[in-house]
Amino acid sequence: MNPESRTLAASRRASILEALRRDGVVRISDLSERMGVTAVTLRRDIAQLAGEGLLHRVHGGATLRAAESPSPGARPFDAVPESTRRGAVGMLVPSLDYYWPEVVRGAEDEASARGLRILLRGSSYESADDRPQLERLLDNEDVCGLIAAPSLTAPSAAATIEWLSTIGTPVVLVERVATAGPHRAVVESVVSDHTLGAAMAVHHLASLGHRKVGVVTSENSPTSPHVRRGWREGCEAAGLDLAS
């Protein structure tokens, strides 16, 4: 790498770290638009900074290392005037990519309209334990509620859900369904109707004359069972063969 390229790379990485210290989390899509740099280049920069122990890499972006916090003046993804703020909502998502930026943006818009701000943390679909990230959010005295999409396949998932049901802070799961307590009470949640969506997709294809409709899903995705159920129901309703 020539001296000029090294200087540009150092400047980019400094900008990434500055944004991270200010906001607590950065999204590659936002950085790419703001800095005029390709996502591929930014992923390399983030990978290098993660290798140096300067940040924690997550899908679609990066967060602070566990021992760090945003600067006291940070206003993560928020433009609510100080005088009108009434607190914050902690939000944990498994990715800063896919459809999650839109989910986060919706939460930010609604929070802003109500004088709240969103404190965002990114995790991973392969997370072994989401509780430390959730505890970090609760450590902020402004947090009056949690929106969380924890991994339900992690070894610690059941314990994390049970803990969330006892913390005394309102919690809403997003794109997750779970139960807690001795009577298996349903934890409050908001989810997309993946079953209906898959059934509608089958109906659309059948209306175009297709008589064989397959389905491909991820083995580890928590939404896969719902998609497969919708596919089966759609095929049965349309009189299609379910054979693989």
# chains A, B, ... in the order shown; residues from 1 in each chain; ligands from 1
>>> residues_around(residues="region 100-109 of chain A", least_positions_apart="2", cutoff="10 Å", atoms="only C-alpha atoms", output="ChimeraX atom specification")
/A:27,29-30,60,76-79,89,91-98,111-114,116-120,147,174-175
>>> residues_around(residues="Leu17 (chain A)", least_positions_apart="6", cutoff="12 Å", atoms="only C-alpha atoms", output="PDB file with all heavy atoms, in the first residue's frame")
ATOM      1  N   ALA A  10      -6.141   5.250   7.168  1.00  0.00           N
ATOM      2  CA  ALA A  10      -6.067   5.696   8.559  1.00  0.00           C
ATOM      3  C   ALA A  10      -7.148   6.717   8.862  1.00  0.00           C
ATOM      4  O   ALA A  10      -7.761   6.703   9.936  1.00  0.00           O
ATOM      5  CB  ALA A  10      -4.685   6.281   8.838  1.00  0.00           C
ATOM      6  N   SER A  11      -7.407   7.616   7.907  1.00  0.00           N
ATOM      7  CA  SER A  11      -8.440   8.627   8.092  1.00  0.00           C
ATOM      8  C   SER A  11      -9.822   7.986   8.184  1.00  0.00           C
ATOM      9  O   SER A  11     -10.648   8.378   9.023  1.00  0.00           O
ATOM     10  CB  SER A  11      -8.388   9.625   6.922  1.00  0.00           C
ATOM     11  OG  SER A  11      -9.422  10.567   7.033  1.00  0.00           O
ATOM     12  N   ASP A  23     -21.787   7.376  18.958  1.00  0.00           N
ATOM     13  CA  ASP A  23     -23.103   6.757  18.865  1.00  0.00           C
ATOM     14  C   ASP A  23     -23.223   5.398  19.532  1.00  0.00           C
ATOM     15  O   ASP A  23     -24.334   4.920  19.750  1.00  0.00           O
ATOM     16  CB  ASP A  23     -23.504   6.611  17.391  1.00  0.00           C
ATOM     17  CG  ASP A  23     -23.593   7.957  16.680  1.00  0.00           C
ATOM     18  OD1 ASP A  23     -23.876   8.958  17.363  1.00  0.00           O
ATOM     19  OD2 ASP A  23     -23.387   7.995  15.460  1.00  0.00           O
ATOM     20  N   GLY A  24     -22.102   4.735  19.785  1.00  0.00           N
ATOM     21  CA  GLY A  24     -22.155   3.417  20.403  1.00  0.00           C
ATOM     22  C   GLY A  24     -22.302   2.281  19.417  1.00  0.00           C
ATOM     23  O   GLY A  24     -22.035   1.127  19.749  1.00  0.00           O
ATOM     24  N   VAL A  25     -22.754   2.581  18.199  1.00  0.00           N
ATOM     25  CA  VAL A  25     -22.919   1.575  17.159  1.00  0.00           C
ATOM     26  C   VAL A  25     -22.839   2.266  15.811  1.00  0.00           C
ATOM     27  O   VAL A  25     -23.221   3.428  15.676  1.00  0.00           O
ATOM     28  CB  VAL A  25     -24.274   0.837  17.319  1.00  0.00           C
ATOM     29  CG1 VAL A  25     -25.424   1.798  17.182  1.00  0.00           C
ATOM     30  CG2 VAL A  25     -24.421  -0.304  16.324  1.00  0.00           C
ATOM     31  N   VAL A  26     -22.288   1.582  14.813  1.00  0.00           N
ATOM     32  CA  VAL A  26     -22.238   2.136  13.458  1.00  0.00           C
ATOM     33  C   VAL A  26     -22.753   1.089  12.483  1.00  0.00           C
ATOM     34  O   VAL A  26     -22.542  -0.104  12.673  1.00  0.00           O
ATOM     35  CB  VAL A  26     -20.811   2.573  13.039  1.00  0.00           C
ATOM     36  CG1 VAL A  26     -20.354   3.760  13.857  1.00  0.00           C
ATOM     37  CG2 VAL A  26     -19.818   1.428  13.150  1.00  0.00           C
ATOM     38  N   LEU A  31     -22.428   4.466   7.082  1.00  0.00           N
ATOM     39  CA  LEU A  31     -21.060   4.946   6.865  1.00  0.00           C
ATOM     40  C   LEU A  31     -20.763   5.090   5.379  1.00  0.00           C
ATOM     41  O   LEU A  31     -20.114   6.046   4.956  1.00  0.00           O
ATOM     42  CB  LEU A  31     -20.059   3.975   7.506  1.00  0.00           C
ATOM     43  CG  LEU A  31     -20.012   3.930   9.032  1.00  0.00           C
ATOM     44  CD1 LEU A  31     -19.092   2.804   9.484  1.00  0.00           C
ATOM     45  CD2 LEU A  31     -19.527   5.257   9.599  1.00  0.00           C
ATOM     46  N   LEU A  42     -15.315  -0.608   3.752  1.00  0.00           N
ATOM     47  CA  LEU A  42     -15.641  -0.390   5.155  1.00  0.00           C
ATOM     48  C   LEU A  42     -15.611  -1.699   5.943  1.00  0.00           C
ATOM     49  O   LEU A  42     -15.191  -1.717   7.106  1.00  0.00           O
ATOM     50  CB  LEU A  42     -17.007   0.269   5.266  1.00  0.00           C
ATOM     51  CG  LEU A  42     -17.045   1.734   4.807  1.00  0.00           C
ATOM     52  CD1 LEU A  42     -18.482   2.200   4.653  1.00  0.00           C
ATOM     53  CD2 LEU A  42     -16.297   2.623   5.800  1.00  0.00           C
ATOM     54  N   ASP A  45     -12.067  -2.277   6.766  1.00  0.00           N
ATOM     55  CA  ASP A  45     -11.626  -1.384   7.834  1.00  0.00           C
ATOM     56  C   ASP A  45     -12.118  -1.879   9.190  1.00  0.00           C
ATOM     57  O   ASP A  45     -11.361  -1.899  10.170  1.00  0.00           O
ATOM     58  CB  ASP A  45     -12.150   0.034   7.592  1.00  0.00           C
ATOM     59  CG  ASP A  45     -11.459   0.737   6.432  1.00  0.00           C
ATOM     60  OD1 ASP A  45     -10.310   0.365   6.111  1.00  0.00           O
ATOM     61  OD2 ASP A  45     -12.062   1.653   5.848  1.00  0.00           O
ATOM     62  N   ILE A  46     -13.381  -2.261   9.241  1.00  0.00           N
ATOM     63  CA  ILE A  46     -13.956  -2.727  10.500  1.00  0.00           C
ATOM     64  C   ILE A  46     -13.296  -4.031  10.945  1.00  0.00           C
ATOM     65  O   ILE A  46     -13.024  -4.234  12.140  1.00  0.00           O
ATOM     66  CB  ILE A  46     -15.481  -2.880  10.362  1.00  0.00           C
ATOM     67  CG1 ILE A  46     -16.139  -1.488  10.333  1.00  0.00           C
ATOM     68  CG2 ILE A  46     -16.073  -3.723  11.493  1.00  0.00           C
ATOM     69  CD1 ILE A  46     -17.628  -1.501  10.060  1.00  0.00           C
ATOM     70  N   GLN A  48     -10.246  -4.929  10.335  1.00  0.00           N
ATOM     71  CA  GLN A  48      -8.919  -4.583  10.848  1.00  0.00           C
ATOM     72  C   GLN A  48      -9.021  -4.004  12.249  1.00  0.00           C
ATOM     73  O   GLN A  48      -8.258  -4.351  13.148  1.00  0.00           O
ATOM     74  CB  GLN A  48      -8.252  -3.568   9.918  1.00  0.00           C
ATOM     75  CG  GLN A  48      -7.046  -2.892  10.498  1.00  0.00           C
ATOM     76  CD  GLN A  48      -5.788  -3.137   9.690  1.00  0.00           C
ATOM     77  OE1 GLN A  48      -5.823  -3.604   8.563  1.00  0.00           O
ATOM     78  NE2 GLN A  48      -4.675  -2.838  10.291  1.00  0.00           N
ATOM     79  N   LEU A  49      -9.961  -3.087  12.462  1.00  0.00           N
ATOM     80  CA  LEU A  49     -10.124  -2.468  13.774  1.00  0.00           C
ATOM     81  C   LEU A  49     -10.557  -3.503  14.817  1.00  0.00           C
ATOM     82  O   LEU A  49     -10.140  -3.440  15.983  1.00  0.00           O
ATOM     83  CB  LEU A  49     -11.157  -1.337  13.693  1.00  0.00           C
ATOM     84  CG  LEU A  49     -10.717  -0.113  12.873  1.00  0.00           C
ATOM     85  CD1 LEU A  49     -11.909   0.805  12.609  1.00  0.00           C
ATOM     86  CD2 LEU A  49      -9.601   0.643  13.582  1.00  0.00           C
ATOM     87  N   ALA A  50     -11.385  -4.459  14.391  1.00  0.00           N
ATOM     88  CA  ALA A  50     -11.788  -5.534  15.308  1.00  0.00           C
ATOM     89  C   ALA A  50     -10.589  -6.389  15.674  1.00  0.00           C
ATOM     90  O   ALA A  50     -10.421  -6.796  16.832  1.00  0.00           O
ATOM     91  CB  ALA A  50     -12.882  -6.382  14.669  1.00  0.00           C
ATOM     92  N   GLY A  53      -8.655  -5.007  18.354  1.00  0.00           N
ATOM     93  CA  GLY A  53      -9.354  -4.909  19.626  1.00  0.00           C
ATOM     94  C   GLY A  53      -9.990  -3.568  19.894  1.00  0.00           C
ATOM     95  O   GLY A  53     -10.283  -3.232  21.046  1.00  0.00           O
ATOM     96  N   LEU A  54     -10.237  -2.778  18.837  1.00  0.00           N
ATOM     97  CA  LEU A  54     -10.762  -1.425  19.016  1.00  0.00           C
ATOM     98  C   LEU A  54     -12.284  -1.342  18.917  1.00  0.00           C
ATOM     99  O   LEU A  54     -12.868  -0.313  19.254  1.00  0.00           O
ATOM    100  CB  LEU A  54     -10.126  -0.485  17.989  1.00  0.00           C
ATOM    101  CG  LEU A  54      -8.611  -0.332  18.106  1.00  0.00           C
ATOM    102  CD1 LEU A  54      -8.068   0.516  16.967  1.00  0.00           C
ATOM    103  CD2 LEU A  54      -8.244   0.282  19.449  1.00  0.00           C
ATOM    104  N   LEU A  55     -12.908  -2.412  18.439  1.00  0.00           N
ATOM    105  CA  LEU A  55     -14.366  -2.445  18.345  1.00  0.00           C
ATOM    106  C   LEU A  55     -14.827  -3.893  18.286  1.00  0.00           C
ATOM    107  O   LEU A  55     -14.016  -4.814  18.177  1.00  0.00           O
ATOM    108  CB  LEU A  55     -14.863  -1.656  17.117  1.00  0.00           C
ATOM    109  CG  LEU A  55     -14.266  -1.957  15.735  1.00  0.00           C
ATOM    110  CD1 LEU A  55     -14.793  -3.273  15.145  1.00  0.00           C
ATOM    111  CD2 LEU A  55     -14.548  -0.837  14.774  1.00  0.00           C
ATOM    112  N   HIS A  56     -16.140  -4.064  18.350  1.00  0.00           N
ATOM    113  CA  HIS A  56     -16.736  -5.396  18.251  1.00  0.00           C
ATOM    114  C   HIS A  56     -17.508  -5.472  16.940  1.00  0.00           C
ATOM    115  O   HIS A  56     -18.428  -4.684  16.709  1.00  0.00           O
ATOM    116  CB  HIS A  56     -17.674  -5.656  19.429  1.00  0.00           C
ATOM    117  CG  HIS A  56     -18.392  -6.968  19.357  1.00  0.00           C
ATOM    118  ND1 HIS A  56     -17.736  -8.176  19.326  1.00  0.00           N
ATOM    119  CD2 HIS A  56     -19.721  -7.259  19.300  1.00  0.00           C
ATOM    120  CE1 HIS A  56     -18.605  -9.153  19.254  1.00  0.00           C
ATOM    121  NE2 HIS A  56     -19.822  -8.626  19.230  1.00  0.00           N
ATOM    122  N   GLY A  61     -22.292  -4.050  10.669  1.00  0.00           N
ATOM    123  CA  GLY A  61     -21.684  -2.880  11.298  1.00  0.00           C
ATOM    124  C   GLY A  61     -20.776  -3.241  12.441  1.00  0.00           C
ATOM    125  O   GLY A  61     -20.101  -4.267  12.420  1.00  0.00           O
ATOM    126  N   ALA A  62     -20.755  -2.399  13.465  1.00  0.00           N
ATOM    127  CA  ALA A  62     -19.866  -2.620  14.608  1.00  0.00           C
ATOM    128  C   ALA A  62     -20.435  -1.920  15.828  1.00  0.00           C
ATOM    129  O   ALA A  62     -21.188  -0.941  15.724  1.00  0.00           O
ATOM    130  CB  ALA A  62     -18.466  -2.102  14.309  1.00  0.00           C
ATOM    131  N   THR A  63     -20.071  -2.423  17.002  1.00  0.00           N
ATOM    132  CA  THR A  63     -20.451  -1.792  18.258  1.00  0.00           C
ATOM    133  C   THR A  63     -19.192  -1.597  19.100  1.00  0.00           C
ATOM    134  O   THR A  63     -18.118  -2.114  18.772  1.00  0.00           O
ATOM    135  CB  THR A  63     -21.445  -2.655  19.056  1.00  0.00           C
ATOM    136  OG1 THR A  63     -20.795  -3.869  19.454  1.00  0.00           O
ATOM    137  CG2 THR A  63     -22.662  -2.987  18.226  1.00  0.00           C
ATOM    138  N   LEU A  64     -19.349  -0.879  20.197  1.00  0.00           N
ATOM    139  CA  LEU A  64     -18.248  -0.707  21.126  1.00  0.00           C
ATOM    140  C   LEU A  64     -17.892  -2.037  21.763  1.00  0.00           C
ATOM    141  O   LEU A  64     -18.735  -2.944  21.853  1.00  0.00           O
ATOM    142  CB  LEU A  64     -18.643   0.281  22.228  1.00  0.00           C
ATOM    143  CG  LEU A  64     -18.841   1.746  21.820  1.00  0.00           C
ATOM    144  CD1 LEU A  64     -19.463   2.502  22.978  1.00  0.00           C
ATOM    145  CD2 LEU A  64     -17.513   2.370  21.437  1.00  0.00           C
ATOM    146  N   ARG A  65     -16.674  -2.140  22.234  1.00  0.00           N
ATOM    147  CA  ARG A  65     -16.297  -3.314  23.006  1.00  0.00           C
ATOM    148  C   ARG A  65     -17.084  -3.310  24.307  1.00  0.00           C
ATOM    149  O   ARG A  65     -17.542  -2.275  24.769  1.00  0.00           O
ATOM    150  CB  ARG A  65     -14.798  -3.310  23.301  1.00  0.00           C
ATOM    151  CG  ARG A  65     -13.930  -3.505  22.060  1.00  0.00           C
ATOM    152  CD  ARG A  65     -12.462  -3.516  22.431  1.00  0.00           C
ATOM    153  NE  ARG A  65     -12.096  -2.275  23.113  1.00  0.00           N
ATOM    154  CZ  ARG A  65     -10.976  -2.118  23.802  1.00  0.00           C
ATOM    155  NH1 ARG A  65     -10.139  -3.122  23.932  1.00  0.00           N
ATOM    156  NH2 ARG A  65     -10.702  -0.965  24.380  1.00  0.00           N
ATOM    157  N   PRO A  70     -20.681   4.755  25.135  1.00  0.00           N
ATOM    158  CA  PRO A  70     -20.629   5.972  24.336  1.00  0.00           C
ATOM    159  C   PRO A  70     -20.250   7.154  25.213  1.00  0.00           C
ATOM    160  O   PRO A  70     -20.404   7.117  26.429  1.00  0.00           O
ATOM    161  CB  PRO A  70     -22.076   6.104  23.818  1.00  0.00           C
ATOM    162  CG  PRO A  70     -22.668   4.751  23.961  1.00  0.00           C
ATOM    163  CD  PRO A  70     -21.998   4.137  25.148  1.00  0.00           C
ATOM    164  N   SER A  71     -19.756   8.201  24.602  1.00  0.00           N
ATOM    165  CA  SER A  71     -19.387   9.393  25.341  1.00  0.00           C
ATOM    166  C   SER A  71     -20.612   9.981  26.020  1.00  0.00           C
ATOM    167  O   SER A  71     -21.734   9.805  25.550  1.00  0.00           O
ATOM    168  CB  SER A  71     -18.782  10.434  24.389  1.00  0.00           C
ATOM    169  OG  SER A  71     -19.728  10.818  23.421  1.00  0.00           O
TER     170      SER A  71
END
>>> select_by_dssp(residues="region 6-244 of chain A", states="strand (DSSP E or B)", output="number ranges by chain")
A: 25-27, 56-58, 61-63, 88-93, 117-122, 143-148, 171-174, 179-180, 185-186, 189-190
>>> write_last_selection(atoms="N, CA, C and O atoms", output="CSV table (one decimal), in the first residue's frame")
chain,number,residue,atom,x,y,z
A,25,VAL,N,-22.8,2.6,18.2
A,25,VAL,CA,-22.9,1.6,17.2
A,25,VAL,C,-22.8,2.3,15.8
A,25,VAL,O,-23.2,3.4,15.7
A,26,VAL,N,-22.3,1.6,14.8
A,26,VAL,CA,-22.2,2.1,13.5
A,26,VAL,C,-22.8,1.1,12.5
A,26,VAL,O,-22.5,-0.1,12.7
A,27,ARG,N,-23.4,1.6,11.5
A,27,ARG,CA,-23.9,0.7,10.4
A,27,ARG,C,-23.2,0.9,9.1
A,27,ARG,O,-23.0,2.1,8.7
A,56,HIS,N,-16.1,-4.1,18.3
A,56,HIS,CA,-16.7,-5.4,18.3
A,56,HIS,C,-17.5,-5.5,16.9
A,56,HIS,O,-18.4,-4.7,16.7
A,57,ARG,N,-17.1,-6.4,16.1
A,57,ARG,CA,-17.8,-6.5,14.8
A,57,ARG,C,-19.1,-7.3,14.9
A,57,ARG,O,-19.1,-8.4,15.5
A,58,VAL,N,-20.1,-6.8,14.3
A,58,VAL,CA,-21.4,-7.4,14.2
A,58,VAL,C,-21.9,-7.4,12.8
A,58,VAL,O,-21.3,-6.7,11.9
A,61,GLY,N,-22.3,-4.0,10.7
A,61,GLY,CA,-21.7,-2.9,11.3
A,61,GLY,C,-20.8,-3.2,12.4
A,61,GLY,O,-20.1,-4.3,12.4
A,62,ALA,N,-20.8,-2.4,13.5
A,62,ALA,CA,-19.9,-2.6,14.6
A,62,ALA,C,-20.4,-1.9,15.8
A,62,ALA,O,-21.2,-0.9,15.7
A,63,THR,N,-20.1,-2.4,17.0
A,63,THR,CA,-20.5,-1.8,18.3
A,63,THR,C,-19.2,-1.6,19.1
A,63,THR,O,-18.1,-2.1,18.8
A,88,ALA,N,-35.2,6.9,27.4
A,88,ALA,CA,-34.7,6.1,26.3
A,88,ALA,C,-35.2,4.7,26.3
A,88,ALA,O,-35.6,4.2,27.3
A,89,VAL,N,-35.2,4.1,25.1
A,89,VAL,CA,-35.6,2.7,25.0
A,89,VAL,C,-34.3,1.9,24.4
A,89,VAL,O,-33.8,2.3,23.4
A,90,GLY,N,-33.9,0.9,25.2
A,90,GLY,CA,-32.8,0.1,24.7
A,90,GLY,C,-33.3,-0.9,23.7
A,90,GLY,O,-34.4,-1.4,23.8
A,91,MET,N,-32.5,-1.1,22.6
A,91,MET,CA,-32.9,-2.0,21.5
A,91,MET,C,-31.7,-2.9,21.2
A,91,MET,O,-30.6,-2.4,20.9
A,92,LEU,N,-32.0,-4.2,21.1
A,92,LEU,CA,-30.9,-5.1,20.8
A,92,LEU,C,-31.4,-5.9,19.5
A,92,LEU,O,-32.5,-6.5,19.6
A,93,VAL,N,-30.7,-5.9,18.4
A,93,VAL,CA,-31.0,-6.6,17.2
A,93,VAL,C,-29.9,-7.5,16.8
A,93,VAL,O,-28.7,-7.2,17.2
A,117,ARG,N,-35.5,8.5,22.9
A,117,ARG,CA,-34.4,8.1,22.0
A,117,ARG,C,-34.1,6.6,22.1
A,117,ARG,O,-34.5,6.0,23.1
A,118,ILE,N,-33.5,6.1,21.0
A,118,ILE,CA,-33.2,4.7,21.0
A,118,ILE,C,-31.7,4.5,21.3
A,118,ILE,O,-30.9,5.2,20.6
A,119,LEU,N,-31.4,3.6,22.2
A,119,LEU,CA,-30.0,3.2,22.4
A,119,LEU,C,-29.9,1.8,21.8
A,119,LEU,O,-30.5,0.9,22.3
A,120,LEU,N,-29.1,1.8,20.7
A,120,LEU,CA,-29.1,0.6,19.9
A,120,LEU,C,-27.8,-0.2,20.2
A,120,LEU,O,-26.7,0.3,20.3
A,121,ARG,N,-28.0,-1.6,20.2
A,121,ARG,CA,-26.9,-2.5,20.3
A,121,ARG,C,-27.1,-3.6,19.3
A,121,ARG,O,-28.2,-4.1,19.1
A,122,GLY,N,-26.0,-4.0,18.6
A,122,GLY,CA,-26.1,-5.1,17.6
A,122,GLY,C,-25.5,-6.3,18.2
A,122,GLY,O,-24.5,-6.3,18.9
A,143,VAL,N,-32.9,4.4,30.4
A,143,VAL,CA,-33.6,3.3,29.8
A,143,VAL,C,-34.9,3.0,30.6
A,143,VAL,O,-34.8,2.6,31.7
A,144,CYS,N,-36.0,3.1,29.9
A,144,CYS,CA,-37.3,2.8,30.6
A,144,CYS,C,-38.0,1.6,29.9
A,144,CYS,O,-39.1,1.3,30.3
A,145,GLY,N,-37.4,1.0,28.9
A,145,GLY,CA,-38.0,-0.1,28.3
A,145,GLY,C,-37.0,-0.8,27.4
A,145,GLY,O,-36.0,-0.2,27.0
A,146,LEU,N,-37.2,-2.0,27.0
A,146,LEU,CA,-36.4,-2.8,26.1
A,146,LEU,C,-37.1,-3.3,24.9
A,146,LEU,O,-38.3,-3.8,25.0
A,147,ILE,N,-36.5,-3.2,23.7
A,147,ILE,CA,-37.0,-3.9,22.5
A,147,ILE,C,-35.9,-4.9,22.2
A,147,ILE,O,-34.7,-4.5,22.0
A,148,ALA,N,-36.2,-6.2,22.1
A,148,ALA,CA,-35.1,-7.1,22.0
A,148,ALA,C,-35.4,-8.2,21.0
A,148,ALA,O,-36.6,-8.7,20.9
A,171,VAL,N,-40.5,-5.1,28.5
A,171,VAL,CA,-39.8,-5.7,27.5
A,171,VAL,C,-40.7,-6.2,26.4
A,171,VAL,O,-41.8,-6.8,26.7
A,172,VAL,N,-40.4,-5.9,25.1
A,172,VAL,CA,-41.1,-6.3,24.0
A,172,VAL,C,-40.1,-7.1,23.1
A,172,VAL,O,-39.1,-6.5,22.7
A,173,LEU,N,-40.4,-8.3,22.8
A,173,LEU,CA,-39.6,-9.0,21.8
A,173,LEU,C,-40.0,-8.6,20.4
A,173,LEU,O,-41.2,-8.4,20.2
A,174,VAL,N,-39.1,-8.6,19.5
A,174,VAL,CA,-39.4,-8.2,18.1
A,174,VAL,C,-38.9,-9.4,17.2
A,174,VAL,O,-37.8,-9.8,17.3
A,179,THR,N,-42.0,-17.9,25.8
A,179,THR,CA,-42.8,-18.0,27.0
A,179,THR,C,-41.8,-18.0,28.2
A,179,THR,O,-40.6,-18.3,28.1
A,180,ALA,N,-42.4,-17.6,29.4
A,180,ALA,CA,-41.5,-17.6,30.6
A,180,ALA,C,-42.4,-17.9,31.8
A,180,ALA,O,-43.6,-17.8,31.8
A,185,ALA,N,-46.1,-18.2,30.6
A,185,ALA,CA,-46.8,-17.1,30.1
A,185,ALA,C,-46.1,-16.5,28.8
A,185,ALA,O,-44.9,-16.5,28.8
A,186,VAL,N,-46.9,-16.1,27.9
A,186,VAL,CA,-46.3,-15.6,26.6
A,186,VAL,C,-45.7,-14.2,26.9
A,186,VAL,O,-46.3,-13.3,27.4
A,189,SER,N,-44.7,-9.6,22.5
A,189,SER,CA,-43.9,-9.6,21.3
A,189,SER,C,-44.6,-9.0,20.1
A,189,SER,O,-45.9,-8.9,20.1
A,190,VAL,N,-43.9,-8.5,19.1
A,190,VAL,CA,-44.4,-8.1,17.9
A,190,VAL,C,-43.7,-8.8,16.8
A,190,VAL,O,-42.4,-8.8,16.7
>>> atom_distance(atom1="CA of Thr38 (chain A)", atom2="CA of Gly51 (chain A)")
20.2 Å
>>> select_by_dssp(residues="region 126-211 of chain A", states="helix (DSSP H, G or I)", output="compact mmCIF listing (two decimals) with N, CA and C atoms, in the first residue's frame")
# COMPACT_ATOMS: atom_id res chain seq x y z
N ARG A 131 -27.40 -11.78 27.10
CA ARG A 131 -27.67 -11.09 28.36
C ARG A 131 -26.66 -9.96 28.66
N PRO A 132 -25.35 -10.14 28.44
CA PRO A 132 -24.42 -9.04 28.73
C PRO A 132 -24.77 -7.76 27.97
N GLN A 133 -25.16 -7.89 26.69
CA GLN A 133 -25.53 -6.72 25.91
C GLN A 133 -26.80 -6.06 26.48
N LEU A 134 -27.76 -6.88 26.88
CA LEU A 134 -28.99 -6.35 27.44
C LEU A 134 -28.73 -5.67 28.78
N GLU A 135 -27.83 -6.24 29.57
CA GLU A 135 -27.48 -5.64 30.86
C GLU A 135 -26.80 -4.29 30.66
N ARG A 136 -25.99 -4.18 29.62
CA ARG A 136 -25.34 -2.90 29.32
C ARG A 136 -26.38 -1.83 29.00
N LEU A 137 -27.40 -2.21 28.27
CA LEU A 137 -28.46 -1.25 27.97
C LEU A 137 -29.18 -0.81 29.25
N LEU A 138 -29.45 -1.76 30.13
CA LEU A 138 -30.17 -1.45 31.36
C LEU A 138 -29.32 -0.65 32.33
N ALA A 157 -30.46 -19.12 25.91
CA ALA A 157 -31.70 -18.46 25.51
C ALA A 157 -32.80 -18.56 26.56
N ALA A 158 -33.05 -19.75 27.06
CA ALA A 158 -34.14 -19.93 28.04
C ALA A 158 -33.87 -19.11 29.29
N ALA A 159 -32.63 -19.12 29.76
CA ALA A 159 -32.28 -18.36 30.97
C ALA A 159 -32.42 -16.86 30.72
N THR A 160 -32.06 -16.41 29.53
CA THR A 160 -32.17 -14.98 29.20
C THR A 160 -33.63 -14.54 29.18
N ILE A 161 -34.49 -15.35 28.58
CA ILE A 161 -35.92 -15.02 28.53
C ILE A 161 -36.51 -14.99 29.94
N GLU A 162 -36.15 -15.97 30.77
CA GLU A 162 -36.64 -15.98 32.14
C GLU A 162 -36.17 -14.73 32.90
N TRP A 163 -34.92 -14.36 32.70
CA TRP A 163 -34.38 -13.16 33.35
C TRP A 163 -35.12 -11.92 32.89
N LEU A 164 -35.37 -11.79 31.59
CA LEU A 164 -36.08 -10.63 31.06
C LEU A 164 -37.47 -10.51 31.68
N HIS A 194 -45.07 -14.39 9.12
CA HIS A 194 -44.32 -15.12 8.10
C HIS A 194 -45.15 -16.25 7.49
N THR A 195 -46.01 -16.85 8.31
CA THR A 195 -46.85 -17.93 7.80
C THR A 195 -47.78 -17.42 6.70
N LEU A 196 -48.46 -16.31 6.98
CA LEU A 196 -49.35 -15.73 5.99
C LEU A 196 -48.58 -15.29 4.75
N GLY A 197 -47.40 -14.68 4.95
CA GLY A 197 -46.60 -14.22 3.82
C GLY A 197 -46.21 -15.35 2.90
N ALA A 198 -45.80 -16.49 3.48
CA ALA A 198 -45.41 -17.64 2.66
C ALA A 198 -46.62 -18.21 1.92
N ALA A 199 -47.75 -18.28 2.60
CA ALA A 199 -48.97 -18.80 1.97
C ALA A 199 -49.39 -17.89 0.80
N MET A 200 -49.26 -16.58 0.98
CA MET A 200 -49.60 -15.64 -0.09
C MET A 200 -48.66 -15.81 -1.28
N ALA A 201 -47.38 -16.10 -0.99
CA ALA A 201 -46.42 -16.30 -2.07
C ALA A 201 -46.79 -17.54 -2.89
N VAL A 202 -47.18 -18.61 -2.20
CA VAL A 202 -47.60 -19.83 -2.90
C VAL A 202 -48.85 -19.55 -3.73
N HIS A 203 -49.79 -18.84 -3.15
CA HIS A 203 -51.04 -18.52 -3.87
C HIS A 203 -50.73 -17.72 -5.14
N HIS A 204 -49.80 -16.76 -5.04
CA HIS A 204 -49.44 -15.95 -6.20
C HIS A 204 -48.83 -16.82 -7.30
N LEU A 205 -47.91 -17.69 -6.94
CA LEU A 205 -47.26 -18.55 -7.93
C LEU A 205 -48.26 -19.52 -8.56
N ALA A 206 -49.16 -20.03 -7.72
CA ALA A 206 -50.17 -20.95 -8.25
C ALA A 206 -51.10 -20.23 -9.23
N SER A 207 -51.40 -18.95 -8.93
CA SER A 207 -52.29 -18.18 -9.82
C SER A 207 -51.64 -17.92 -11.17
>>> closest_residue(among="A:His210, A:Ser165, A:Leu152, A:Val37", to="Gly181 (chain A)", atoms="only C-alpha atoms")
A:Ser165
>>> closest_residue(among="A:Arg44, A:Tyr125, A:Ser224, A:Arg34", to="Ala9 (chain A)", atoms="only C-alpha atoms")
A:Arg44
>>> closest_residue(among="A:Gly209, A:Gly36, A:Gly230, A:Pro222", to="Ala149 (chain A)", atoms="only C-alpha atoms")
A:Pro222
>>> atom_distance(atom1="CA of Gly239 (chain A)", atom2="CA of Val215 (chain A)")
15.9 Å
